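Colleague: Pasting in a structure now, in structure tokens, and then I'll have a few things to ask.
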Amino acid sequence: MIHGEPAMMGFQSDQQPKLFYPSINLEQRIPDQHVLRRIRSQVDFDFIYDEVRDRYGIKGNVSVPPPAILKMMLLLVLYNVRSERELMNTIPLRLDWLWFLGYDLDSEIPNHSVLSKARTRWGVEAFRCFFERIVWQCVQAGLVDGTKLFMDSSLIEADASNNSVFSRPAFEPYLVKGCRELEARLEEPQEASRDEEPPETPKSGVANKRHVSTTDPDASVVRQGKGGASLKYKIHRAVDVGYEVITATEVTTGETNEAHRLLPLAEQHGRNTERAAEIVVADTKYGTVDNYLACHDRGLRAHIPDIKRSQDNTGRREGIFPTEAFRYDPQADSYRCPAGQELKARRHHVKQQAVDYLCARGICDACELRSQCTTAKIGRSLKRHLRQNELDRMRDRARSAPSRQDIRTRQHLMERSFARATRYGFKRARWRRLWRVQIQEYLTAAVQNMMTLLRHVKERGTVCGMWLPAAAPGATFGSPNRIFCGIASCASRLRLFFSIQVCEFELHHCLAY
């Protein structure tokens, strides 16, 4: 063609396409840097055979191989596919997904119900094991420091409508026998959760004692911010300071106080990484007396703001003398108020392990500083813990310069961990019941740790430019520590296509970052 002359228009042939493609090889069509190829090269999925072997019989129909099921659930979270139906409908259209699952172009794709049945059969333990193996890989790759631990929690929407919530007392007189039997079945533990330990903190709020969702009885009615109340779960996470690897995670009902989960997360971190944390960093909600003393007993440095100090000069305490304005005399076991009056021990609280200190009757009424000291009718009282000296030392350390720096770092570090999870469908539960939401969190946290692993492990044996001992053939880095019904989406194929494309772009951007 002469330069400058227009090209001749081409026309597409109407002939029937080829029926046979003998030269197609999926292995050659997947790029070397494809995220699924890198995951397949670094993560061993065959462990699931031994983990769920006792959940299958020796007769009957042959099931879908457990590694393929686990990979499908991983694809569901990794690409944030809206439902399991859409996942199964999309697998034949994606060569990379077929290759990742070990399928061919003409392989039979299983029904979407295979995934929900597998979750019921396997229980939570299999997915916990998968999460722990990925954490241990990060430890073996040198991505976990283990000495400093950041903690926080986040609320997520339950897969249930507010219209499913009804009041027990108001509805109780009108229940017929059939409704009573249904309620009894809802309260019984399901067989699928046989590996799930019951929550240590049951529903205790007034709203959740009086109300329950018939769709998801485990979800709690929670009001967050200025919005209305809705059904929610709460995700608790512990993130290591090294490369922000999620070393421990737990799901509870939405009303659970996150302060109660500090020690369980620290213990889970120690089991998963085989490294005991030395410093625990959290926000003000964790700064309770129980947490300070528990950290003291375990040799942990608690870089946590004091919740009592944050409540001073707020609400009814505004303009009132703080506890620090009163001087304690250990010889006389009494306090001296700003007006010079003595507060003596009056009442002993056995359960709270504390003693109340008060002035003699009538002294506060005649004091000129009463308006600045108390609004109580009986006068000012102080509560002193039986281990107040140890408590004061922990609070002083929490106000040190290194502690303040860690508290500032925690805010951004934990926000990043939860923000990165949103691309994997973190904001809303995919399935119903607490044990299923726990499975979703294990998969989400495992995917995030995998992205961290792939971002810093360039090739097998090299981590961040440092040489590591070679692993055994077919094994991953080191040895392992130990070793939800999908909701069908009515989204159109076009919407799914664009959502997957956006997710792929985010995945590659995440790896490049």
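Naming scheme: A, B, ... for chains in displayed order of the structure tokens; residues 1 onward per chain; ligands 1 onward as shown.
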Near range 254-261 of chain A, within 6 Å and counting only C-alpha atoms, which residues show up once chain neighbours fewer than 4 positions away are dropped, as a list in words?

Modeller: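 Everything that qualifies: Ser220, Lys232, Tyr233, Lys234 and Tyr286 of chain A.
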
Colleague: Residues as selected, N, CA and C atoms, written as a PDB file, in the first residue's frame, can you do that?

Modeller:
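Everything below was put into out-v4.pdb:
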```pdb
ATOM      1  N   SER A 220     -27.568  -8.169  65.142  1.00  0.00           N
ATOM      2  CA  SER A 220     -27.992  -7.260  66.208  1.00  0.00           C
ATOM      3  C   SER A 220     -28.539  -5.971  65.620  1.00  0.00           C
ATOM      4  N   LYS A 232     -26.763  -5.530  62.047  1.00  0.00           N
ATOM      5  CA  LYS A 232     -25.339  -5.478  61.740  1.00  0.00           C
ATOM      6  C   LYS A 232     -24.577  -6.588  62.455  1.00  0.00           C
ATOM      7  N   TYR A 233     -23.394  -6.866  61.919  1.00  0.00           N
ATOM      8  CA  TYR A 233     -22.374  -7.679  62.581  1.00  0.00           C
ATOM      9  C   TYR A 233     -21.160  -6.800  62.818  1.00  0.00           C
ATOM     10  N   LYS A 234     -20.263  -7.270  63.688  1.00  0.00           N
ATOM     11  CA  LYS A 234     -19.055  -6.499  63.973  1.00  0.00           C
ATOM     12  C   LYS A 234     -17.826  -7.367  63.685  1.00  0.00           C
ATOM     13  N   TYR A 286     -11.073   0.712  73.902  1.00  0.00           N
ATOM     14  CA  TYR A 286     -10.397  -0.429  74.526  1.00  0.00           C
ATOM     15  C   TYR A 286      -9.733  -0.061  75.851  1.00  0.00           C
TER      16      TYR A 286
END
```

Colleague: Would you mind writing down, as a ChimeraX atom specification, each residue of range 204-242 of chain A that DSSP on the backbone assigns to strand (DSSP E or B)?

Modeller: /A:211-213,220-223,229-240

Colleague: Okay, now the selection with N, CA, C and O atoms, as a compact mmCIF listing (two decimals), in the first residue's frame?

Modeller:
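File result32.txt, as written:
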```txt
# COMPACT_ATOMS: atom_id res chain seq x y z
N HIS A 211 -36.17 -7.50 70.62
CA HIS A 211 -36.38 -7.63 69.18
C HIS A 211 -35.47 -8.69 68.59
O HIS A 211 -34.35 -8.89 69.07
N VAL A 212 -35.94 -9.35 67.55
CA VAL A 212 -35.16 -10.37 66.86
C VAL A 212 -35.57 -10.38 65.40
O VAL A 212 -36.71 -10.07 65.06
N SER A 213 -34.60 -10.71 64.54
CA SER A 213 -34.88 -10.81 63.11
C SER A 213 -35.22 -12.26 62.78
O SER A 213 -34.49 -13.18 63.13
N SER A 220 -27.57 -8.17 65.14
CA SER A 220 -27.99 -7.26 66.21
C SER A 220 -28.54 -5.97 65.62
O SER A 220 -28.07 -5.49 64.58
N VAL A 221 -29.52 -5.41 66.31
CA VAL A 221 -30.04 -4.09 65.95
C VAL A 221 -29.09 -3.05 66.53
O VAL A 221 -28.92 -2.94 67.75
N VAL A 222 -28.42 -2.29 65.65
CA VAL A 222 -27.40 -1.34 66.08
C VAL A 222 -27.65 0.00 65.40
O VAL A 222 -27.97 0.06 64.21
N ARG A 223 -27.50 1.06 66.16
CA ARG A 223 -27.58 2.42 65.62
C ARG A 223 -26.17 2.99 65.54
O ARG A 223 -25.45 3.02 66.54
N ALA A 229 -31.36 2.77 63.10
CA ALA A 229 -30.89 1.45 63.53
C ALA A 229 -31.08 0.44 62.41
O ALA A 229 -32.03 0.50 61.63
N SER A 230 -30.15 -0.51 62.33
CA SER A 230 -30.23 -1.56 61.31
C SER A 230 -29.54 -2.81 61.85
O SER A 230 -28.86 -2.77 62.88
N LEU A 231 -29.71 -3.91 61.15
CA LEU A 231 -29.12 -5.18 61.55
C LEU A 231 -27.67 -5.23 61.11
O LEU A 231 -27.38 -5.05 59.93
N LYS A 232 -26.76 -5.53 62.05
CA LYS A 232 -25.34 -5.48 61.74
C LYS A 232 -24.58 -6.59 62.46
O LYS A 232 -25.05 -7.17 63.44
N TYR A 233 -23.39 -6.87 61.92
CA TYR A 233 -22.37 -7.68 62.58
C TYR A 233 -21.16 -6.80 62.82
O TYR A 233 -21.03 -5.72 62.21
N LYS A 234 -20.26 -7.27 63.69
CA LYS A 234 -19.05 -6.50 63.97
C LYS A 234 -17.83 -7.37 63.68
O LYS A 234 -17.73 -8.50 64.16
N ILE A 235 -16.90 -6.81 62.89
CA ILE A 235 -15.65 -7.49 62.53
C ILE A 235 -14.53 -6.93 63.41
O ILE A 235 -14.31 -5.72 63.46
N HIS A 236 -13.83 -7.81 64.11
CA HIS A 236 -12.69 -7.43 64.94
C HIS A 236 -11.42 -7.94 64.28
O HIS A 236 -11.35 -9.11 63.88
N ARG A 237 -10.41 -7.08 64.19
CA ARG A 237 -9.16 -7.46 63.53
C ARG A 237 -7.95 -7.03 64.35
O ARG A 237 -7.98 -6.01 65.06
N ALA A 238 -6.89 -7.83 64.21
CA ALA A 238 -5.57 -7.48 64.74
C ALA A 238 -4.59 -7.48 63.58
O ALA A 238 -4.50 -8.47 62.85
N VAL A 239 -3.88 -6.38 63.38
CA VAL A 239 -2.98 -6.20 62.25
C VAL A 239 -1.57 -6.00 62.77
O VAL A 239 -1.34 -5.19 63.68
N ASP A 240 -0.63 -6.72 62.17
CA ASP A 240 0.77 -6.62 62.58
C ASP A 240 1.40 -5.35 62.01
O ASP A 240 1.02 -4.86 60.94
```

Colleague: Taking only C-alpha atoms into account, produce a table as a Markdown table in which each residue of range 274-349 of chain A with an atom at most 9 Å from an atom of range 151-171 of chain A appears once, together with its shortest atom pair and the distance in Å to one decimal, ordered by chain and rising number.

Modeller:
```
| residue | atom | partner | partner_atom | distance |
| --- | --- | --- | --- | --- |
| A:Val280 | CA | A:Met151 | CA | 7.5 |
| A:Val281 | CA | A:Met151 | CA | 6.3 |
| A:Ala282 | CA | A:Met151 | CA | 5.2 |
| A:Asp283 | CA | A:Asp152 | CA | 7.3 |
| A:Tyr286 | CA | A:Asp152 | CA | 8.9 |
```

Colleague: Pick out the residues sitting within 12 Å of Asn25 in chain A, and hand them over as a ChimeraX atom specification; count only C-alpha atoms, and ignore anything fewer than 3 positions along from it in its own chain.

Modeller: /A:21-22,28-30,95-96,98-99,103-105

Colleague: Residues of the last selection are to be written out with N, CA, C and O atoms, as a PDB file, in the first residue's frame.

Modeller:
```
ATOM      1  N   TYR A  21     -10.436 -26.878  17.899  1.00  0.00           N
ATOM      2  CA  TYR A  21      -9.234 -26.073  18.095  1.00  0.00           C
ATOM      3  C   TYR A  21      -8.204 -26.957  18.808  1.00  0.00           C
ATOM      4  O   TYR A  21      -8.031 -26.868  20.036  1.00  0.00           O
ATOM      5  N   PRO A  22      -7.539 -27.799  18.089  1.00  0.00           N
ATOM      6  CA  PRO A  22      -6.625 -28.743  18.754  1.00  0.00           C
ATOM      7  C   PRO A  22      -5.386 -28.084  19.350  1.00  0.00           C
ATOM      8  O   PRO A  22      -4.709 -28.678  20.186  1.00  0.00           O
ATOM      9  N   GLN A  28      -0.739 -21.643  28.176  1.00  0.00           N
ATOM     10  CA  GLN A  28       0.013 -20.662  27.408  1.00  0.00           C
ATOM     11  C   GLN A  28      -0.713 -19.328  27.278  1.00  0.00           C
ATOM     12  O   GLN A  28      -0.110 -18.337  26.894  1.00  0.00           O
ATOM     13  N   ARG A  29      -2.011 -19.319  27.578  1.00  0.00           N
ATOM     14  CA  ARG A  29      -2.806 -18.103  27.399  1.00  0.00           C
ATOM     15  C   ARG A  29      -2.908 -17.259  28.672  1.00  0.00           C
ATOM     16  O   ARG A  29      -3.514 -16.201  28.656  1.00  0.00           O
ATOM     17  N   ILE A  30      -2.358 -17.748  29.783  1.00  0.00           N
ATOM     18  CA  ILE A  30      -2.402 -16.986  31.033  1.00  0.00           C
ATOM     19  C   ILE A  30      -1.061 -16.277  31.211  1.00  0.00           C
ATOM     20  O   ILE A  30      -0.017 -16.922  31.271  1.00  0.00           O
ATOM     21  N   LEU A  95     -11.242 -17.658  30.568  1.00  0.00           N
ATOM     22  CA  LEU A  95     -10.184 -18.647  30.407  1.00  0.00           C
ATOM     23  C   LEU A  95      -9.287 -18.707  31.644  1.00  0.00           C
ATOM     24  O   LEU A  95      -8.813 -19.777  32.025  1.00  0.00           O
ATOM     25  N   ASP A  96      -9.038 -17.550  32.268  1.00  0.00           N
ATOM     26  CA  ASP A  96      -8.163 -17.545  33.440  1.00  0.00           C
ATOM     27  C   ASP A  96      -8.813 -18.256  34.620  1.00  0.00           C
ATOM     28  O   ASP A  96      -8.143 -18.950  35.393  1.00  0.00           O
ATOM     29  N   LEU A  98     -11.065 -20.708  34.353  1.00  0.00           N
ATOM     30  CA  LEU A  98     -11.036 -22.138  34.020  1.00  0.00           C
ATOM     31  C   LEU A  98      -9.657 -22.724  34.324  1.00  0.00           C
ATOM     32  O   LEU A  98      -9.537 -23.820  34.907  1.00  0.00           O
ATOM     33  N   TRP A  99      -8.609 -22.021  33.936  1.00  0.00           N
ATOM     34  CA  TRP A  99      -7.255 -22.508  34.190  1.00  0.00           C
ATOM     35  C   TRP A  99      -6.974 -22.589  35.687  1.00  0.00           C
ATOM     36  O   TRP A  99      -6.392 -23.557  36.162  1.00  0.00           O
ATOM     37  N   TYR A 103      -9.916 -26.593  35.101  1.00  0.00           N
ATOM     38  CA  TYR A 103     -10.923 -27.033  34.151  1.00  0.00           C
ATOM     39  C   TYR A 103     -10.436 -26.806  32.725  1.00  0.00           C
ATOM     40  O   TYR A 103      -9.486 -26.067  32.476  1.00  0.00           O
ATOM     41  N   ASP A 104     -11.137 -27.439  31.773  1.00  0.00           N
ATOM     42  CA  ASP A 104     -10.884 -27.246  30.353  1.00  0.00           C
ATOM     43  C   ASP A 104     -12.080 -26.537  29.735  1.00  0.00           C
ATOM     44  O   ASP A 104     -13.081 -26.262  30.416  1.00  0.00           O
ATOM     45  N   LEU A 105     -11.999 -26.255  28.438  1.00  0.00           N
ATOM     46  CA  LEU A 105     -13.086 -25.532  27.778  1.00  0.00           C
ATOM     47  C   LEU A 105     -14.403 -26.288  27.818  1.00  0.00           C
ATOM     48  O   LEU A 105     -15.477 -25.685  27.886  1.00  0.00           O
TER      49      LEU A 105
END
```

Colleague: Hey, which of A:Ile58, A:Leu26, A:Ile439, A:Ile134 ends up closest to Arg94 in chain A? Count only C-alpha atoms.

Modeller: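 The shortest atom-to-atom distance to Arg94 in chain A comes from A:Leu26.
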
Colleague: Nearest to Glu244 in chain A among A:Leu453, A:Ala401, A:Met8, A:Ala276, with distances taken over only C-alpha atoms: which residue is it?

Modeller: A:Leu453

Colleague: Quick one: residues within 7 Å of range 85-91 of chain A, only C-alpha atoms, excluding same-chain residues fewer than 3 positions away - as a list of chain:residue names?

Modeller: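 With the cut-off at 7 Å, the set is A:Leu76, A:Val81, A:Arg82, A:Arg94, A:Trp97, A:Leu98, A:Ile109, A:His112, A:Ala488.
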
Colleague: Mind checking which residues fall within 12 Å of range 43-53 of chain A, counting only C-alpha atoms, ignoring those fewer than 5 positions away in the same chain, and posting them as a count of residues only?

Modeller: 58

Colleague: Please list as a JSON list (two decimals) with C-alpha atoms, in the first residue's frame every residue within 12 Å of range 404-407 of chain A, counting only C-alpha atoms and excluding residues in the same chain fewer than 2 positions away.

Modeller:
```json
[["chain", "number", "residue", "atom", "x", "y", "z"],
["A", 148, "LYS", "CA", 3.46, -4.69, 67.95],
["A", 149, "LEU", "CA", -0.24, -5.34, 67.33],
["A", 150, "PHE", "CA", -2.89, -2.86, 66.15],
["A", 151, "MET", "CA", -6.57, -3.56, 66.85],
["A", 152, "ASP", "CA", -9.91, -2.14, 65.78],
["A", 241, "VAL", "CA", 2.99, -3.57, 62.35],
["A", 279, "ILE", "CA", 2.79, -3.85, 72.51],
["A", 280, "VAL", "CA", -0.97, -3.60, 71.91],
["A", 281, "VAL", "CA", -2.29, -0.45, 70.21],
["A", 282, "ALA", "CA", -6.01, 0.38, 70.13],
["A", 283, "ASP", "CA", -8.39, 3.33, 70.39],
["A", 284, "THR", "CA", -10.15, 4.79, 73.42],
["A", 286, "TYR", "CA", -10.40, -0.43, 74.53],
["A", 287, "GLY", "CA", -8.97, 1.69, 77.38],
["A", 301, "ARG", "CA", 2.44, -2.59, 77.01],
["A", 302, "ALA", "CA", -0.95, -1.05, 76.33],
["A", 303, "HIS", "CA", -0.70, 1.97, 74.06],
["A", 304, "ILE", "CA", -4.39, 2.71, 74.53],
["A", 305, "PRO", "CA", -5.98, 6.04, 75.52],
["A", 306, "ASP", "CA", -7.78, 5.95, 78.87],
["A", 396, "ASP", "CA", 1.10, 6.72, 82.58],
["A", 397, "ARG", "CA", 2.73, 4.51, 79.93],
["A", 398, "ALA", "CA", -0.30, 5.02, 77.69],
["A", 399, "ARG", "CA", 0.34, 8.77, 77.81],
["A", 400, "SER", "CA", 4.03, 8.50, 76.85],
["A", 401, "ALA", "CA", 5.42, 9.91, 73.58],
["A", 402, "PRO", "CA", 5.86, 6.46, 71.88],
["A", 409, "THR", "CA", -0.35, 5.46, 63.42],
["A", 410, "ARG", "CA", -3.16, 3.05, 64.38],
["A", 411, "GLN", "CA", -5.86, 5.32, 63.00],
["A", 412, "HIS", "CA", -4.47, 5.27, 59.45],
["A", 413, "LEU", "CA", -3.22, 1.67, 59.55],
["A", 414, "MET", "CA", -6.53, 0.15, 60.63]]
```

Colleague: How many Å separate CA of Asp356 in chain A from CA of Lys285 in chain A?

Modeller: 24.2 Å
